[in-house]
>>> print(open('model.cif').read())   # mmCIF, C-alpha atoms
data_work
loop_
_atom_site.label_atom_id
_atom_site.label_comp_id
_atom_site.auth_asym_id
_atom_site.auth_seq_id
_atom_site.Cartn_x
_atom_site.Cartn_y
_atom_site.Cartn_z
CA MET V 483 156.80 24.19 82.25
CA SER V 484 155.78 23.74 78.64
CA ARG V 485 157.77 25.26 75.81
CA ASN V 486 154.88 27.29 74.45
CA SER V 487 154.12 28.92 77.75
CA ASP V 488 157.81 29.77 78.14
CA VAL V 489 157.79 31.46 74.73
CA LEU V 490 154.64 33.39 75.58
CA ARG V 491 156.03 34.45 78.96
CA GLY V 492 159.20 35.70 77.26
CA MET V 493 157.21 37.68 74.72
CA ARG V 494 155.02 39.22 77.40
CA ASP V 495 157.95 40.21 79.61
CA ALA V 496 159.78 41.73 76.65
CA VAL V 497 156.95 44.04 75.54
CA PRO V 498 158.25 47.08 77.47
CA VAL V 499 161.75 46.41 76.12
CA GLY V 500 160.34 46.12 72.60
CA LEU V 501 158.63 49.51 72.92
CA GLY V 502 161.86 51.05 74.17
CA TYR V 503 163.76 49.45 71.28
CA LEU V 504 161.27 50.90 68.82
CA ALA V 505 162.12 54.37 70.11
CA VAL V 506 165.88 53.95 70.33
CA SER V 507 166.21 52.19 66.98
CA PHE V 508 164.11 54.96 65.44
CA ALA V 509 166.78 57.37 66.68
CA PHE V 510 169.46 55.06 65.28
CA GLY V 511 167.79 54.90 61.86
CA LEU V 512 167.56 58.68 61.83
CA ALA V 513 171.22 59.09 62.79
CA ALA V 514 172.34 56.53 60.20
CA ALA V 515 170.35 58.28 57.45
CA ARG V 516 171.94 61.61 58.40
CA MET V 517 175.38 60.01 58.09
CA GLY V 518 174.58 58.85 54.58
CA ILE V 519 173.85 55.18 55.30
CA PRO V 520 171.08 53.87 53.00
CA ALA V 521 167.86 52.86 54.81
CA LEU V 522 168.16 49.23 53.67
CA SER V 523 171.71 48.95 55.04
CA ALA V 524 170.76 50.50 58.38
CA THR V 525 167.83 48.08 58.66
CA LEU V 526 170.00 45.06 57.79
CA MET V 527 172.54 46.21 60.34
CA SER V 528 169.91 46.27 63.07
CA LEU V 529 168.56 42.87 62.07
CA SER V 530 172.01 41.26 62.09
CA ASN V 531 173.70 43.13 64.98
CA LEU V 532 170.96 43.84 67.51
CA THR V 533 173.07 46.21 69.56
CA SER V 534 172.69 49.95 70.10
CA ALA V 535 176.10 51.34 71.07
CA GLY V 536 177.96 49.10 68.62
CA GLN V 537 175.76 50.16 65.72
CA PHE V 538 175.98 53.87 66.51
CA ALA V 539 179.76 53.53 66.59
CA GLY V 540 179.72 51.31 63.49
CA VAL V 541 177.92 53.81 61.27
CA GLY V 542 180.36 56.41 62.59
CA VAL V 543 183.32 54.37 61.38
CA ILE V 544 181.64 53.47 58.08
CA SER V 545 180.61 57.02 57.21
CA ALA V 546 184.12 58.24 58.09
CA GLY V 547 185.52 55.76 55.55
CA GLY V 548 187.18 53.56 58.17
CA GLY V 549 188.60 50.14 57.29
CA LEU V 550 187.38 46.67 58.17
CA ALA V 551 189.99 46.19 60.90
CA GLU V 552 189.05 49.45 62.58
CA LEU V 553 185.40 48.48 62.37
CA ALA V 554 186.00 45.04 63.87
CA LEU V 555 188.14 46.46 66.66
CA THR V 556 185.50 49.08 67.52
CA GLN V 557 182.86 46.37 67.83
CA LEU V 558 185.16 44.23 69.94
CA VAL V 559 185.80 47.03 72.42
CA ILE V 560 182.26 48.40 72.59
CA ASN V 561 180.56 45.02 72.80
CA ALA V 562 183.07 43.32 75.10
CA ARG V 563 180.60 43.69 77.96
CA TYR V 564 178.43 41.05 76.28
CA PHE V 565 181.23 38.61 76.96
CA LEU V 566 180.82 39.08 80.70
CA MET V 567 177.04 38.92 80.40
CA SER V 568 177.25 35.71 78.41
CA CYS V 569 179.56 34.19 81.05
CA ALA V 570 176.89 34.89 83.67
CA LEU V 571 174.15 33.60 81.36
CA SER V 572 176.06 30.41 80.56
CA GLN V 573 175.48 29.30 84.14
CA ARG V 574 171.77 30.12 84.06
CA ILE V 575 170.65 28.28 80.94
CA ALA V 576 169.07 24.90 81.60
CA PRO V 577 172.02 22.43 81.48
CA HIS V 578 170.22 19.94 79.22
CA ALA V 579 169.48 22.57 76.55
CA PRO V 580 170.90 21.46 73.18
CA LEU V 581 173.80 23.35 71.66
CA TRP V 582 171.74 24.85 68.84
CA GLN V 583 169.41 26.44 71.37
CA ARG V 584 172.41 27.95 73.15
CA ALA V 585 173.64 29.24 69.79
CA VAL V 586 170.31 30.94 69.12
CA VAL V 587 170.05 32.40 72.63
CA SER V 588 173.53 33.90 72.14
CA PHE V 589 172.33 36.06 69.26
CA GLY V 590 169.78 37.75 71.48
CA VAL V 591 172.07 38.82 74.32
CA THR V 592 171.45 42.55 74.69
CA ASP V 593 171.71 44.65 77.85
CA GLU V 594 167.95 44.55 78.38
CA VAL V 595 167.43 40.88 77.45
CA PHE V 596 170.29 40.04 79.81
CA ALA V 597 168.62 42.04 82.58
CA LEU V 598 165.33 40.18 82.04
CA SER V 599 167.11 36.82 81.83
CA MET V 600 168.82 37.31 85.17
CA ALA V 601 165.49 38.30 86.75
CA ALA V 602 163.72 35.22 85.32
CA PRO V 603 163.33 32.01 87.34
CA LYS V 604 166.31 29.62 87.22
CA PRO V 605 167.24 27.64 85.23
CA LEU V 606 166.69 29.94 82.27
CA SER V 607 164.55 28.26 79.61
CA PRO V 608 165.91 28.83 76.09
CA HIS V 609 162.29 29.11 74.95
CA TYR V 610 161.81 32.05 77.29
CA SER V 611 164.75 33.70 75.50
CA PHE V 612 163.24 32.83 72.11
CA GLY V 613 160.06 34.62 73.19
CA MET V 614 161.99 37.73 74.19
CA MET V 615 163.89 37.68 70.90
CA GLY V 616 160.61 37.31 69.03
CA VAL V 617 159.60 40.72 70.34
CA CYS V 618 162.96 42.48 70.52
CA ILE V 619 164.39 41.67 67.08
CA PRO V 620 161.32 42.78 65.07
CA SER V 621 160.91 45.99 67.06
CA TRP V 622 164.61 46.87 66.83
CA THR V 623 164.56 46.26 63.07
CA LEU V 624 161.22 47.96 62.40
CA GLY V 625 162.18 51.04 64.44
CA THR V 626 165.37 51.39 62.41
CA ALA V 627 163.51 51.15 59.10
CA LEU V 628 161.00 53.76 60.25
CA GLY V 629 163.66 56.12 61.57
CA ALA V 630 165.77 55.81 58.42
CA THR V 631 162.85 56.47 56.07
CA LEU V 632 160.55 58.80 58.01
CA GLY V 633 163.35 60.72 59.69
CA GLY V 634 162.62 63.68 61.90
CA VAL V 635 158.84 63.61 61.99
CA LEU V 636 158.75 63.25 65.79
CA PRO V 637 159.11 66.48 67.78
CA ALA V 638 162.37 66.84 69.76
CA PRO V 639 160.91 66.67 73.30
CA LEU V 640 159.20 63.39 72.41
CA MET V 641 162.43 61.86 71.02
CA ASN V 642 164.30 63.09 74.11
CA ALA V 643 161.70 61.57 76.40
CA LEU V 644 162.00 58.21 74.63
CA GLY V 645 165.78 58.40 74.89
CA ILE V 646 165.65 57.73 78.62
CA ALA V 647 163.40 54.65 78.31
CA LEU V 648 166.17 52.05 78.10
CA TYR V 649 167.95 53.43 81.15
CA ALA V 650 164.68 53.20 83.06
CA MET V 651 164.36 49.53 82.08
CA LEU V 652 167.89 48.68 83.15
CA THR V 653 167.27 50.46 86.45
CA ALA V 654 164.01 48.59 86.95
CA ALA V 655 165.94 45.33 86.48
CA ILE V 656 168.67 45.86 89.09
CA VAL V 657 167.16 48.09 91.77
CA PRO V 658 164.17 46.03 93.03
CA PRO V 659 166.29 43.09 94.38
CA SER V 660 168.44 45.63 96.23
CA ARG V 661 165.53 46.80 98.34
CA ASP V 662 165.85 43.79 100.63
CA ASN V 663 169.60 43.38 100.25
CA ARG V 664 171.88 46.03 101.71
CA LEU V 665 174.97 44.65 100.03
CA LEU V 666 173.42 44.83 96.54
CA ARG V 667 172.26 48.36 97.29
CA PHE V 668 175.78 49.31 98.27
CA ILE V 669 177.26 47.67 95.18
CA ILE V 670 174.87 49.54 92.88
CA VAL V 671 175.59 52.91 94.48
CA LEU V 672 179.33 52.20 94.52
CA SER V 673 179.33 51.16 90.84
CA MET V 674 177.47 54.27 89.75
CA ALA V 675 179.72 56.51 91.84
CA VAL V 676 182.92 54.96 90.48
CA SER V 677 181.56 55.09 86.93
CA GLY V 678 180.60 58.74 87.35
CA ALA V 679 184.06 59.54 88.67
CA ALA V 680 185.77 57.55 85.91
CA ALA V 681 183.90 59.55 83.28
CA VAL V 682 185.49 62.81 84.44
CA LEU V 683 188.86 61.77 85.91
CA PRO V 684 191.91 62.64 83.76
CA VAL V 685 193.30 59.25 82.68
CA LEU V 686 190.25 57.02 83.05
CA SER V 687 187.99 59.28 80.98
CA THR V 688 190.26 58.90 77.96
CA ILE V 689 189.69 55.13 77.83
CA PRO V 690 187.05 54.29 75.19
CA LYS V 691 183.68 53.81 76.87
CA GLY V 692 183.18 50.17 75.93
CA LEU V 693 186.54 49.25 77.38
CA ARG V 694 185.91 51.39 80.45
CA ILE V 695 182.66 49.52 81.18
CA VAL V 696 184.47 46.19 81.05
CA LEU V 697 187.40 47.43 83.13
CA LEU V 698 185.19 48.89 85.86
CA THR V 699 182.99 45.80 85.88
CA VAL V 700 185.94 43.45 86.33
CA VAL V 701 187.51 45.55 89.10
CA ILE V 702 184.34 46.26 91.10
CA THR V 703 182.87 42.79 90.64
CA GLY V 704 186.20 41.20 91.52
CA TRP V 705 186.37 43.26 94.71
CA ALA V 706 182.79 42.33 95.63
CA ALA V 707 183.39 38.63 94.98
CA LEU V 708 186.54 38.66 97.13
CA ARG V 709 185.09 40.69 99.98
CA HIS V 710 181.61 39.20 99.96
CA PRO V 711 181.72 35.69 98.45
CA LEU V 712 178.36 33.97 98.22
CA GLU V 713 177.41 31.26 100.68
CA GLU V 714 177.37 27.79 99.12
CA ALA V 715 174.47 27.82 96.65
CA PRO V 716 174.68 30.89 94.40
CA ASP V 717 170.95 31.63 94.32
CA ALA V 718 169.75 35.11 93.54
CA MET O 453 183.41 53.65 51.51
CA HIS O 454 184.03 49.90 51.42
CA ASN O 455 181.28 47.50 50.42
CA ILE O 456 178.71 48.28 53.08
CA TYR O 457 177.23 44.77 53.19
CA LEU O 458 180.67 43.34 53.92
CA MET O 459 181.11 45.87 56.72
CA ILE O 460 177.74 45.02 58.23
CA MET O 461 178.61 41.34 58.10
CA VAL O 462 181.94 41.91 59.87
CA MET O 463 180.17 43.88 62.62
CA ALA O 464 177.58 41.15 63.03
CA LEU O 465 180.16 38.35 63.18
CA VAL O 466 182.38 40.07 65.75
CA THR O 467 179.38 40.88 67.93
CA TYR O 468 177.97 37.37 67.67
CA PHE O 469 181.25 35.70 68.62
CA ILE O 470 181.58 37.89 71.72
CA ARG O 471 178.10 36.82 72.79
CA ALA O 472 178.28 33.18 71.80
CA LEU O 473 181.72 32.02 72.96
CA PRO O 474 180.98 31.90 76.72
CA ILE O 475 177.48 30.48 76.24
CA LEU O 476 178.68 27.72 73.91
CA LEU O 477 181.86 26.86 75.83
CA LEU O 478 180.89 27.23 79.50
CA ARG O 479 178.27 24.52 79.58
CA ARG O 480 179.14 22.85 82.85
CA GLN O 481 178.12 24.19 86.23
CA ILE O 482 181.06 26.13 87.66
CA ARG O 483 181.88 25.02 91.22
CA ASN O 484 184.47 27.66 92.09
CA ARG O 485 183.09 29.94 94.81
CA PHE O 486 184.92 33.06 93.64
CA ILE O 487 183.81 32.68 90.02
CA ASN O 488 180.23 32.02 91.08
CA SER O 489 180.22 35.09 93.30
CA PHE O 490 181.80 37.11 90.49
CA LEU O 491 179.13 36.03 87.98
CA TYR O 492 176.40 36.74 90.53
CA TYR O 493 177.52 40.36 90.95
CA VAL O 494 178.21 41.02 87.23
CA PRO O 495 174.71 42.19 86.26
CA TYR O 496 174.40 44.65 89.14
CA VAL O 497 177.81 46.17 88.54
CA THR O 498 177.88 46.25 84.75
CA LEU O 499 174.34 47.62 84.36
CA SER O 500 174.98 50.26 87.07
CA VAL O 501 178.14 51.33 85.29
CA MET O 502 176.23 51.57 82.01
CA ILE O 503 173.34 53.56 83.50
CA PHE O 504 175.41 56.19 85.24
CA PRO O 505 176.55 58.74 84.12
CA ASP O 506 175.21 58.08 80.58
CA VAL O 507 171.61 58.51 81.68
CA LEU O 508 172.37 62.18 82.34
CA THR O 509 172.99 62.84 78.64
CA SER O 510 170.22 60.61 77.28
CA THR O 511 167.72 63.46 76.89
CA GLY O 512 167.79 67.02 75.60
CA MET O 513 168.94 68.67 78.85
CA LEU O 514 170.50 67.82 82.19
CA TRP O 515 167.45 68.84 84.24
CA SER O 516 165.01 66.59 82.45
CA ALA O 517 167.49 63.71 82.66
CA LEU O 518 167.92 64.25 86.41
CA ALA O 519 164.17 64.33 86.89
CA GLY O 520 163.77 61.14 84.84
CA PHE O 521 166.64 59.43 86.66
CA GLY O 522 165.10 60.30 90.04
CA THR O 523 161.75 58.97 88.88
CA MET O 524 163.17 55.61 87.77
CA LEU O 525 165.18 55.17 90.98
CA VAL O 526 162.21 55.86 93.27
CA LEU O 527 159.74 53.74 91.29
CA SER O 528 162.06 50.76 90.89
CA PHE O 529 162.92 50.92 94.58
CA MET O 530 159.18 50.63 95.18
CA LYS O 531 159.36 47.49 93.00
CA LYS O 532 157.04 48.87 90.30
CA ASN O 533 157.17 46.90 87.06
CA MET O 534 159.54 47.74 84.24
CA PHE O 535 156.87 49.08 81.92
CA LEU O 536 155.51 51.52 84.49
CA VAL O 537 159.01 52.69 85.43
CA ALA O 538 159.91 53.35 81.78
CA LEU O 539 156.61 55.09 81.01
CA ALA O 540 156.74 57.33 84.07
CA SER O 541 160.38 58.29 83.43
CA CYS O 542 159.62 59.21 79.81
CA LEU O 543 156.60 61.23 80.92
CA VAL O 544 158.59 63.14 83.53
CA VAL O 545 161.30 63.94 80.95
CA PHE O 546 158.69 65.10 78.44
CA LEU O 547 156.91 67.31 80.98
CA THR O 548 160.16 68.79 82.28
CA GLU O 549 161.35 69.64 78.77
CA THR O 550 158.06 71.22 77.72
CA LEU O 551 157.79 73.18 80.98
CA VAL O 552 161.38 74.43 81.07
CA THR O 553 161.61 75.54 77.43
#
>>> encode(input="model.cif", output="structure tokens")
Amino acid sequence: MSRNSDVLRGMRDAVPVGLGYLAVSFAFGLAAARMGIPALSATLMSLSNLTSAGQFAGVGVISAGGGLAELALTQLVINARYFLMSCALSQRIAPHAPLWQRAVVSFGVTDEVFALSMAAPKPLSPHYSFGMMGVCIPSWTLGTALGATLGGVLPAPLMNALGIALYAMLTAAIVPPSRDNRLLRFIIVLSMAVSGAAAVLPVLSTIPKGLRIVLLTVVITGWAALRHPLEEAPDA
Amino acid sequence: MHNIYLMIMVMALVTYFIRALPILLLRRQIRNRFINSFLYYVPYVTLSVMIFPDVLTSTGMLWSALAGFGTMLVLSFMKKNMFLVALASCLVVFLTETLVT
């Protein structure tokens, strides 16, 4: 497979994600502006961070006058899930890929890019990731700039409708393989049920969400790996 | 407020290190069966945990979110592509919100 076609394939596959990012980052830009963050700063934050939950929390800390340590700790907790995703990705990337390519791919690990990467043929071509990043980074940054400057020009029902787009994409990434795999179906339902319960149960619901995601992932995934280890070759 | 550019840089660095450490350090193929199984299940579990229950508060009201959530589950189970699933879910949310209010 040639590099150029990998890049193009990545760009094409990332178009729906890019459109979703445009909508969500628009909402982020709007929220940041309302919290008194200058449009340029919000835009730079999107360009350099490329993460939704972390940025929403970040502007919260910044506008509340929080310190650097608090800010760093918030990011560590909220974005810790990327660590698990990157562990899974590390085994997917073509083994001969040079280190600099791995370093670039790392920057683009978002929930949606991760979902697409795991659905892509193995081994994962770094150029495929570059293609995805080529769509996702500009749309995430542009959406933020537009949201921060234009603000609330979109009617509320439209913004609300766009708000669900990213969840739809994540769902579309994990549900299809479960159609022909009862175990995966069970694991998805179980994970959602446990997560739903954890969000309302007394002690668990007080754990910050980023940490809760990591905790639940480690426990449920650990259980699944112990109970249902893969046969020899771990092929999806 | 501290220097905002410094704060943005700290956020970016912390986030990048979380993402980059495993990818840069775990370069060899892992042979351990448990770890391989664990990494295989990670996406399904972590994305499921992130979707639910947050999806229920991602719109303006619970009913539109439920309708959108149902739409995405059914369509992705039918193996429709990501773009169609996202578009249809947004449309259902929009219609529900305009009809209910």
>>> resolve_selection(input="model.cif", expression="the PyMOL selection byres ((chain O and resi 528) around 10)", output="list in words")
Ala650, Met651, Leu652, Thr653, Ala654, Ala655, Ile656, Val657, Pro658, Pro659, Ser660 and Arg661 of chain V; Thr523, Met524, Leu525, Val526, Leu527, Phe529, Met530, Lys531, Lys532, Asn533, Met534, Leu536, Val537 and Ala538 of chain O
>>> residues_around(input="model.cif", residues="segment 547-552 of chain O", least_positions_apart="4", cutoff="10 Å", atoms="all atoms listed in the file", output="PyMOL selection string")
(chain V and resi 638-640+642-643) or (chain O and resi 511-520+541-543)
>>> closest_atom_pairs(input="model.cif", of="chain O", to="chain V", cutoff="7 Å", atoms="all atoms listed in the file", output="tab-separated table")
residue	atom	partner	partner_atom	distance
O:Met453	CA	V:Gly547	CA	5.0
O:Met459	CA	V:Leu550	CA	6.5
O:Ile460	CA	V:Met527	CA	5.7
O:Val462	CA	V:Ala554	CA	6.5
O:Met463	CA	V:Ala554	CA	6.1
O:Ala464	CA	V:Asn531	CA	4.8
O:Val466	CA	V:Ala554	CA	6.4
O:Thr467	CA	V:Asn561	CA	6.5
O:Tyr468	CA	V:Phe589	CA	6.0
O:Ile470	CA	V:Phe565	CA	5.3
O:Arg471	CA	V:Ser588	CA	5.5
O:Ala472	CA	V:Ser588	CA	4.8
O:Pro474	CA	V:Cys569	CA	5.1
O:Ile475	CA	V:Ser572	CA	4.5
O:Leu476	CA	V:Arg584	CA	6.3
O:Leu478	CA	V:Ser572	CA	5.9
O:Arg479	CA	V:Ser572	CA	6.4
O:Gln481	CA	V:Gln573	CA	6.1
O:Arg485	CA	V:Pro711	CA	6.9
O:Phe486	CA	V:Ala707	CA	5.9
O:Asn488	CA	V:Pro716	CA	6.6
O:Ser489	CA	V:Ala707	CA	5.0
O:Phe490	CA	V:Ala707	CA	5.0
O:Leu491	CA	V:Ala570	CA	5.0
O:Tyr493	CA	V:Thr703	CA	5.9
O:Val494	CA	V:Thr703	CA	6.0
O:Tyr496	CA	V:Ile656	CA	5.9
O:Val497	CA	V:Ser673	CA	5.7
O:Thr498	CA	V:Thr699	CA	5.3
O:Leu499	CA	V:Leu652	CA	6.6
O:Ser500	CA	V:Met674	CA	5.4
O:Val501	CA	V:Ser677	CA	5.3
O:Met502	CA	V:Ile695	CA	6.8
O:Ile503	CA	V:Tyr649	CA	5.9
O:Phe504	CA	V:Met674	CA	5.3
O:Pro505	CA	V:Gly678	CA	5.2
O:Val507	CA	V:Tyr649	CA	6.3
O:Ser510	CA	V:Gly645	CA	5.5
O:Thr511	CA	V:Asn642	CA	4.4
O:Gly512	CA	V:Asn642	CA	5.5
O:Met524	CA	V:Ala650	CA	5.5
O:Leu525	CA	V:Thr653	CA	6.9
O:Ser528	CA	V:Ala654	CA	4.9
O:Phe529	CA	V:Pro658	CA	5.3
O:Lys531	CA	V:Pro658	CA	5.0
O:Met534	CA	V:Ala654	CA	5.3
O:Phe535	CA	V:Pro498	CA	5.1
O:Val537	CA	V:Ala650	CA	6.2
O:Ala538	CA	V:Ala650	CA	4.9
O:Ser541	CA	V:Ala650	CA	6.7
O:Cys542	CA	V:Ala643	CA	4.6
O:Leu543	CA	V:Ala643	CA	6.8
O:Val545	CA	V:Ala643	CA	5.1
O:Phe546	CA	V:Ala643	CA	5.1
O:Glu549	CA	V:Pro639	CA	6.2
O:Thr550	CA	V:Pro639	CA	7.0
>>> resolve_selection(input="model.cif", expression="the PyMOL selection byres ((chain V and resi 621) around 8)", output="ChimeraX atom specification")
/V:500-501,503-504,617-620,622-625
>>> atom_distance(input="model.cif", atom1="atom CA of Phe510 of chain V", atom2="atom CA of Thr626 of chain V")
6.2 Å
>>> residues_around(input="model.cif", residues="Gly629 of chain V", least_positions_apart="6", cutoff="8 Å", atoms="all atoms listed in the file", output="tab-separated table (two decimals) with C-alpha atoms, keeping the file's coordinate frame")
chain	number	residue	atom	x	y	z
V	507	SER	CA	166.21	52.19	66.98
V	508	PHE	CA	164.11	54.96	65.44
V	509	ALA	CA	166.78	57.37	66.68
V	510	PHE	CA	169.46	55.06	65.28
V	511	GLY	CA	167.79	54.90	61.86
V	512	LEU	CA	167.56	58.68	61.83
>>> resolve_selection(input="model.cif", expression="the PyMOL selection byres ((chain V and resi 608-611) around 7)", output="PyMOL selection string")
chain V and resi 485+488-489+491-492+575+583+587+606-607+612-615
>>> write_last_selection(input="model.cif", atoms="C-alpha atoms", output="PDB file, keeping the file's coordinate frame")
ATOM      1  CA  ARG V 485     157.770  25.260  75.810  1.00  0.00           C
ATOM      2  CA  ASP V 488     157.810  29.770  78.140  1.00  0.00           C
ATOM      3  CA  VAL V 489     157.790  31.460  74.730  1.00  0.00           C
ATOM      4  CA  ARG V 491     156.030  34.450  78.960  1.00  0.00           C
ATOM      5  CA  GLY V 492     159.200  35.700  77.260  1.00  0.00           C
ATOM      6  CA  ILE V 575     170.650  28.280  80.940  1.00  0.00           C
ATOM      7  CA  GLN V 583     169.410  26.440  71.370  1.00  0.00           C
ATOM      8  CA  VAL V 587     170.050  32.400  72.630  1.00  0.00           C
ATOM      9  CA  LEU V 606     166.690  29.940  82.270  1.00  0.00           C
ATOM     10  CA  SER V 607     164.550  28.260  79.610  1.00  0.00           C
ATOM     11  CA  PHE V 612     163.240  32.830  72.110  1.00  0.00           C
ATOM     12  CA  GLY V 613     160.060  34.620  73.190  1.00  0.00           C
ATOM     13  CA  MET V 614     161.990  37.730  74.190  1.00  0.00           C
ATOM     14  CA  MET V 615     163.890  37.680  70.900  1.00  0.00           C
TER      15      MET V 615
END
>>> atom_distance(input="model.cif", atom1="atom CA of Ala535 of chain V", atom2="atom CA of Glu552 of chain V")
15.6 Å
>>> atom_distance(input="model.cif", atom1="atom CA of Ala505 of chain V", atom2="atom CA of Tyr457 of chain O")
24.6 Å
>>> decode(input="model.cif", residues="segment 670-685 of chain V", atoms="N, CA and C atoms", output="mmCIF file, in the first residue's frame")
data_model
loop_
_atom_site.group_PDB
_atom_site.id
_atom_site.type_symbol
_atom_site.label_atom_id
_atom_site.label_comp_id
_atom_site.auth_asym_id
_atom_site.auth_seq_id
_atom_site.Cartn_x
_atom_site.Cartn_y
_atom_site.Cartn_z
ATOM 1 N N ILE V 670 -20.000 -4.955 25.684
ATOM 2 C CA ILE V 670 -20.488 -3.586 25.478
ATOM 3 C C ILE V 670 -21.666 -3.277 26.397
ATOM 4 N N VAL V 671 -22.634 -4.185 26.437
ATOM 5 C CA VAL V 671 -23.812 -3.970 27.290
ATOM 6 C C VAL V 671 -23.393 -3.909 28.760
ATOM 7 N N LEU V 672 -22.526 -4.832 29.150
ATOM 8 C CA LEU V 672 -22.049 -4.853 30.537
ATOM 9 C C LEU V 672 -21.348 -3.538 30.896
ATOM 10 N N SER V 673 -20.454 -3.069 30.004
ATOM 11 C CA SER V 673 -19.705 -1.843 30.278
ATOM 12 C C SER V 673 -20.634 -0.650 30.442
ATOM 13 N N MET V 674 -21.625 -0.558 29.552
ATOM 14 C CA MET V 674 -22.553 0.563 29.650
ATOM 15 C C MET V 674 -23.383 0.471 30.920
ATOM 16 N N ALA V 675 -23.801 -0.734 31.277
ATOM 17 C CA ALA V 675 -24.614 -0.910 32.481
ATOM 18 C C ALA V 675 -23.808 -0.535 33.732
ATOM 19 N N VAL V 676 -22.583 -1.021 33.806
ATOM 20 C CA VAL V 676 -21.741 -0.728 34.968
ATOM 21 C C VAL V 676 -21.454 0.770 35.047
ATOM 22 N N SER V 677 -21.178 1.374 33.876
ATOM 23 C CA SER V 677 -20.886 2.805 33.837
ATOM 24 C C SER V 677 -22.098 3.625 34.269
ATOM 25 N N GLY V 678 -23.278 3.196 33.816
ATOM 26 C CA GLY V 678 -24.513 3.880 34.206
ATOM 27 C C GLY V 678 -24.721 3.782 35.709
ATOM 28 N N ALA V 679 -24.474 2.594 36.249
ATOM 29 C CA ALA V 679 -24.648 2.400 37.687
ATOM 30 C C ALA V 679 -23.627 3.224 38.466
ATOM 31 N N ALA V 680 -22.376 3.234 37.966
ATOM 32 C CA ALA V 680 -21.311 3.950 38.670
ATOM 33 C C ALA V 680 -21.580 5.449 38.729
ATOM 34 N N ALA V 681 -22.327 5.949 37.727
ATOM 35 C CA ALA V 681 -22.596 7.385 37.681
ATOM 36 C C ALA V 681 -23.598 7.818 38.745
ATOM 37 N N VAL V 682 -24.378 6.857 39.278
ATOM 38 C CA VAL V 682 -25.379 7.232 40.282
ATOM 39 C C VAL V 682 -25.112 6.638 41.666
ATOM 40 N N LEU V 683 -24.275 5.597 41.733
ATOM 41 C CA LEU V 683 -24.005 4.965 43.033
ATOM 42 C C LEU V 683 -23.252 5.916 43.964
ATOM 43 N N PRO V 684 -23.519 5.814 45.283
ATOM 44 C CA PRO V 684 -22.969 6.766 46.251
ATOM 45 C C PRO V 684 -21.456 7.028 46.143
ATOM 46 N N VAL V 685 -20.621 6.059 46.339
ATOM 47 C CA VAL V 685 -19.180 6.332 46.401
ATOM 48 C C VAL V 685 -18.584 6.544 45.011
#
